[in-house]
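Engineer: Before we start, here is the structure in question, set down as structure tokens.
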Amino acid sequence: MQVLFDFPLVGAGGEPISFARTIHSHGCARLPPASVEQSPLRYLRRFRVGNRVVELTLEERGGRLIVRSPSRLGRNEVERVRALVARMFRFHDDLAPFYAKIAGDKMLGWASSGAGRILASPTVFEDVVKTICTTNCAWSATVRMTTALVELGGGAFPEPELLAATPESWYRDAARMGYRGPYVRSIARDVVAGTYDLESLTEPARHSDEGAEEMLLALPGIGPYGAAHVMQLLGRHRLLVLDSWTRPTYLRLTGKKRAADSTIRRAFSRYGDFAGLAFWLFLTRDWIEEA
DNA sequence: CGTCCAGGTCTAC
DNA sequence: GGTAGACCTGGACGC
């Protein structure tokens with residue numbers, strides 16, 4: 001196992017990053033081609049680097065993120081991987097203001113020691129496609145569709161070029177994605193054609209939150225839920241992800257009989273630009289083993 | 001067997 | 001701008 005590089009587990013504002021709490025933050029990060037091994041906590045992720053697939057192991061050791069690979073990589077490949085891992089943890093994001101806001105918070109104070117850094121996919125494209133695969137179906141179907149996509153990609157998530165060139169019949173008959181197939185294929189073709197530069201959405205300087213949301217909503221298969229979901233993975237945390245899992249979970253945790261979306265939003269509005277993250281942490285607290 | 005629905009979205013009023 | 005109905009799939013139910 002070659003150690004490729006390591007990162008200090010610190011965000012842009014000097015805030016701590018809890019590795020264990022990060023990889024538990026969101027289900028999408030655990031979909032193929034990723035997996036999480038417990039004890040010791042290790043995150044495994046297969047990437048395509050050039051024309052081969054490598055499996056990286058991510059572990060925390062001494063407050064640093066250690067990234068290792070079983071196969072040797074060239075300097076350029078290592079730099080490519082470094083950028084992808086940085087994107088997954090969004091090291092450039094500053095959660096310090098959020099932690100300052102929740103420091104004395106009865107509901108979320110527990111999270112201020114590094115939780116909530118929602119792990120993203122290496123590319124926005126992958127997050128968009130996976131998000132479409134979470135809509136209007138059971139989680140088992142999401143796993144099945146994602147597994148098929150990764151198989152198509154030779155063990156790594158397929159790049160837009162491949163998905164654009166894959167016939168509709170594959171989406172229908174092999175991946176069994178139903179009506180989602182044409183959506184995904186259409187997005188892949190538009191990305192390849194340059195109609196949408198999804199990867200630029202990670203750059204705050206290039207897109208306001210409103211602009212990013214607008215681009216996401218323009219994608220077929222991405223509606224209010226999908227846009228809010230991808231926005232979270234972009235580190236844009238104002239929107240609440242409201243769906244058939246978060247709504248009932250909110251009711252259960254609060255003991256309420258019912259709550260309109262607008263009511264839920266209002267309950268978290270005091271967290272401002274981090275309302276969506278606050279909502280997510282509130283819902284997923286029991287996913288995280290208290291240290 | 002038929003109906004419902006799961007981490008919604010689109011289209012047509 | 002708000003609200004029905006349709007939509008692929010497959011597993012969970014009721015009959």
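Identifiers in the structure tokens: chain A, B, ... in order shown; residue index from 1 per chain; ligand index from 1 in order shown.
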Tell me which protein, DNA and RNA residues are within 12 Å of DC5 in chain B, counting only C-alpha atoms (C1' of nucleotides), leaving out same-chain ones fewer than 5 positions away, and put them as a list in words.

Structural biologist: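 Near DC5 in chain B, the qualifying residues are Asn136, Cys137, Ala138 and Ser244 of chain A; DT9, DG10, DG11, DA12 and DC13 of chain C.
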
Engineer: Counting only C-alpha atoms (C1' of nucleotides), which residues in chain A sit no more than 8 Å from chain B? For each one, give the nearest pair of atoms and the distance in Å, sorted by chain then residue number, as JSON lines.

Structural biologist:
```
{"residue": "A:Thr134", "atom": "CA", "partner": "B:DG7", "partner_atom": "C1'", "distance": 6.1}
{"residue": "A:Thr135", "atom": "CA", "partner": "B:DG8", "partner_atom": "C1'", "distance": 5.3}
{"residue": "A:Asn136", "atom": "CA", "partner": "B:DG8", "partner_atom": "C1'", "distance": 5.1}
{"residue": "A:Cys137", "atom": "CA", "partner": "B:DA6", "partner_atom": "C1'", "distance": 4.5}
{"residue": "A:Ala138", "atom": "CA", "partner": "B:DA6", "partner_atom": "C1'", "distance": 4.1}
{"residue": "A:Trp139", "atom": "CA", "partner": "B:DG7", "partner_atom": "C1'", "distance": 7.3}
{"residue": "A:Gly221", "atom": "CA", "partner": "B:DT9", "partner_atom": "C1'", "distance": 5.8}
{"residue": "A:Ile222", "atom": "CA", "partner": "B:DT9", "partner_atom": "C1'", "distance": 7.0}
{"residue": "A:Gly223", "atom": "CA", "partner": "B:DT9", "partner_atom": "C1'", "distance": 6.0}
{"residue": "A:Tyr225", "atom": "CA", "partner": "B:DG8", "partner_atom": "C1'", "distance": 7.2}
{"residue": "A:Asp243", "atom": "CA", "partner": "B:DG7", "partner_atom": "C1'", "distance": 5.8}
{"residue": "A:Ser244", "atom": "CA", "partner": "B:DG7", "partner_atom": "C1'", "distance": 5.8}
{"residue": "A:Trp245", "atom": "CA", "partner": "B:DG7", "partner_atom": "C1'", "distance": 5.0}
{"residue": "A:Thr246", "atom": "CA", "partner": "B:DG7", "partner_atom": "C1'", "distance": 7.4}
```

Engineer: Only residues of chain A matter here; which ones have an atom within 8 Å of chain C, counting only C-alpha atoms (C1' of nucleotides)? Give them as a list of chain:residue names.

Structural biologist: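 Written out as asked, the residues are A:Cys137, A:Ala141, A:Arg176, A:Met177, A:Gly178, A:Tyr179, A:Arg180.
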
Engineer: Restricting it to C-alpha atoms, dump the selection as a JSON list (two decimals), in the first residue's frame.

Structural biologist:
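That gives us again.json:
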```json
[["chain", "number", "residue", "atom", "x", "y", "z"],
["A", 137, "CYS", "CA", -37.95, 4.57, -5.70],
["A", 141, "ALA", "CA", -33.45, 0.35, -6.38],
["A", 176, "ARG", "CA", -33.52, -0.95, -15.47],
["A", 177, "MET", "CA", -33.68, 2.75, -14.74],
["A", 178, "GLY", "CA", -37.13, 3.21, -16.23],
["A", 179, "TYR", "CA", -38.01, 6.78, -17.14],
["A", 180, "ARG", "CA", -34.79, 8.00, -15.48]]
```

Engineer: Pick out the residues sitting within 8 Å of range 49-59 of chain A, and hand them over as a list in words; count only C-alpha atoms (C1' of nucleotides), and ignore anything fewer than 5 positions along from it in its own chain.

Structural biologist: Phe19, Leu41, Arg42, Tyr43, Leu44, Leu65, Ile66, Val67, Arg68, Ser69, Pro70, Ser71, Glu77, Arg80, Val81, Gly154, Gly155 and Ala156 of chain A

Engineer: Could you turn the residues from that selection into a file that holds N, CA and C atoms, as a short mmCIF file (atom, residue, chain, number, x, y, z; two decimals), in the first residue's frame?

Structural biologist:
```cif
data_model
loop_
_atom_site.label_atom_id
_atom_site.label_comp_id
_atom_site.auth_asym_id
_atom_site.auth_seq_id
_atom_site.Cartn_x
_atom_site.Cartn_y
_atom_site.Cartn_z
N PHE A 19 -13.50 12.84 10.69
CA PHE A 19 -13.55 11.89 9.57
C PHE A 19 -14.72 10.92 9.69
N LEU A 41 -12.15 2.36 11.03
CA LEU A 41 -13.00 3.06 10.09
C LEU A 41 -12.21 3.40 8.83
N ARG A 42 -12.64 2.80 7.74
CA ARG A 42 -11.96 3.06 6.47
C ARG A 42 -12.98 3.29 5.38
N TYR A 43 -12.70 4.26 4.55
CA TYR A 43 -13.56 4.57 3.43
C TYR A 43 -12.84 4.13 2.17
N LEU A 44 -13.46 3.24 1.41
CA LEU A 44 -12.86 2.75 0.17
C LEU A 44 -13.61 3.32 -1.02
N LEU A 65 -5.89 12.95 7.22
CA LEU A 65 -6.51 12.00 6.30
C LEU A 65 -5.41 11.35 5.47
N ILE A 66 -5.29 10.03 5.61
CA ILE A 66 -4.26 9.29 4.88
C ILE A 66 -4.91 8.64 3.66
N VAL A 67 -4.37 8.90 2.50
CA VAL A 67 -4.91 8.33 1.26
C VAL A 67 -3.90 7.36 0.68
N ARG A 68 -4.32 6.11 0.57
CA ARG A 68 -3.39 5.08 0.09
C ARG A 68 -3.96 4.35 -1.12
N SER A 69 -3.05 3.79 -1.89
CA SER A 69 -3.43 3.04 -3.09
C SER A 69 -2.61 1.76 -3.15
N PRO A 70 -3.25 0.65 -3.52
CA PRO A 70 -2.50 -0.60 -3.65
C PRO A 70 -1.58 -0.60 -4.87
N SER A 71 -1.92 0.21 -5.87
CA SER A 71 -1.09 0.26 -7.08
C SER A 71 -0.34 1.59 -7.12
N GLU A 77 -1.10 11.41 -11.95
CA GLU A 77 -2.25 10.67 -11.45
C GLU A 77 -2.50 11.02 -9.98
N ARG A 80 -4.18 14.27 -9.76
CA ARG A 80 -5.59 14.13 -10.15
C ARG A 80 -6.42 13.60 -8.97
N VAL A 81 -5.88 12.57 -8.33
CA VAL A 81 -6.57 11.97 -7.18
C VAL A 81 -6.69 12.99 -6.04
N GLY A 154 -16.73 0.01 -15.62
CA GLY A 154 -15.55 -0.83 -15.41
C GLY A 154 -15.04 -0.79 -13.97
N GLY A 155 -15.95 -0.51 -13.01
CA GLY A 155 -15.55 -0.52 -11.61
C GLY A 155 -15.52 0.87 -11.00
N ALA A 156 -15.56 1.87 -11.84
CA ALA A 156 -15.63 3.26 -11.35
C ALA A 156 -16.90 3.90 -11.92
#
```

Engineer: Hey, what does DSSP flag as strand (DSSP E) within range 54-218 of chain A? Can you give it to me as a PyMOL selection string?

Structural biologist: chain A and resi 54-61+64-69

Engineer: How would the residues just chosen look if you wrote them out with N, CA and C atoms as a compact mmCIF listing (two decimals), in the first residue's frame?

Structural biologist:
```
# COMPACT_ATOMS: atom_id res chain seq x y z
N VAL A 54 -8.51 2.70 -10.00
CA VAL A 54 -7.74 2.43 -8.79
C VAL A 54 -8.67 2.51 -7.58
N GLU A 55 -8.38 1.65 -6.60
CA GLU A 55 -9.17 1.70 -5.37
C GLU A 55 -8.35 2.37 -4.29
N LEU A 56 -8.87 3.46 -3.80
CA LEU A 56 -8.18 4.21 -2.76
C LEU A 56 -8.76 3.88 -1.40
N THR A 57 -7.89 3.90 -0.41
CA THR A 57 -8.30 3.71 0.97
C THR A 57 -8.08 5.02 1.70
N LEU A 58 -9.13 5.50 2.35
CA LEU A 58 -9.05 6.74 3.11
C LEU A 58 -9.23 6.42 4.58
N GLU A 59 -8.27 6.85 5.39
CA GLU A 59 -8.34 6.60 6.83
C GLU A 59 -7.86 7.83 7.59
N GLU A 60 -8.33 7.93 8.83
CA GLU A 60 -7.84 9.00 9.69
C GLU A 60 -6.74 8.47 10.59
N ARG A 61 -5.68 9.24 10.68
CA ARG A 61 -4.61 8.86 11.61
C ARG A 61 -3.96 10.14 12.12
N ARG A 64 -5.03 13.44 10.66
CA ARG A 64 -4.81 13.65 9.23
C ARG A 64 -5.55 12.58 8.43
N LEU A 65 -5.89 12.95 7.22
CA LEU A 65 -6.51 12.00 6.30
C LEU A 65 -5.41 11.35 5.47
N ILE A 66 -5.29 10.03 5.61
CA ILE A 66 -4.26 9.29 4.88
C ILE A 66 -4.91 8.64 3.66
N VAL A 67 -4.37 8.90 2.50
CA VAL A 67 -4.91 8.33 1.26
C VAL A 67 -3.90 7.36 0.68
N ARG A 68 -4.32 6.11 0.57
CA ARG A 68 -3.39 5.08 0.09
C ARG A 68 -3.96 4.35 -1.12
N SER A 69 -3.05 3.79 -1.89
CA SER A 69 -3.43 3.04 -3.09
C SER A 69 -2.61 1.76 -3.15
```

Engineer: Quote the spacing between CA of Pro220 in chain A and CA of Tyr183 in chain A in Å to one decimal place.

Structural biologist: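 Interatomic distance here is 5.4 Å.
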
Engineer: Would you return as a ChimeraX atom specification the members of range 18-217 of chain A that DSSP assigns to helix (DSSP H, G or I) on this structure's backbone?

Structural biologist: /A:19-23,27-30,75-89,96-102,109-113,124-132,139-152,160-165,168-174,180-193,198-202,209-217

Engineer: Grab the CA of His92 in chain A to CA of Gly235 in chain A distance for me, in Å with one decimal place.

Structural biologist: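 Distance reported for this atom pair: 9.6 Å.
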
Engineer: Just how far from CA of Leu277 in chain A is CA of Gly104 in chain A, in Å to one decimal?

Structural biologist: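 Between CA of Gly104 in chain A and CA of Leu277 in chain A the gap is 16.6 Å.
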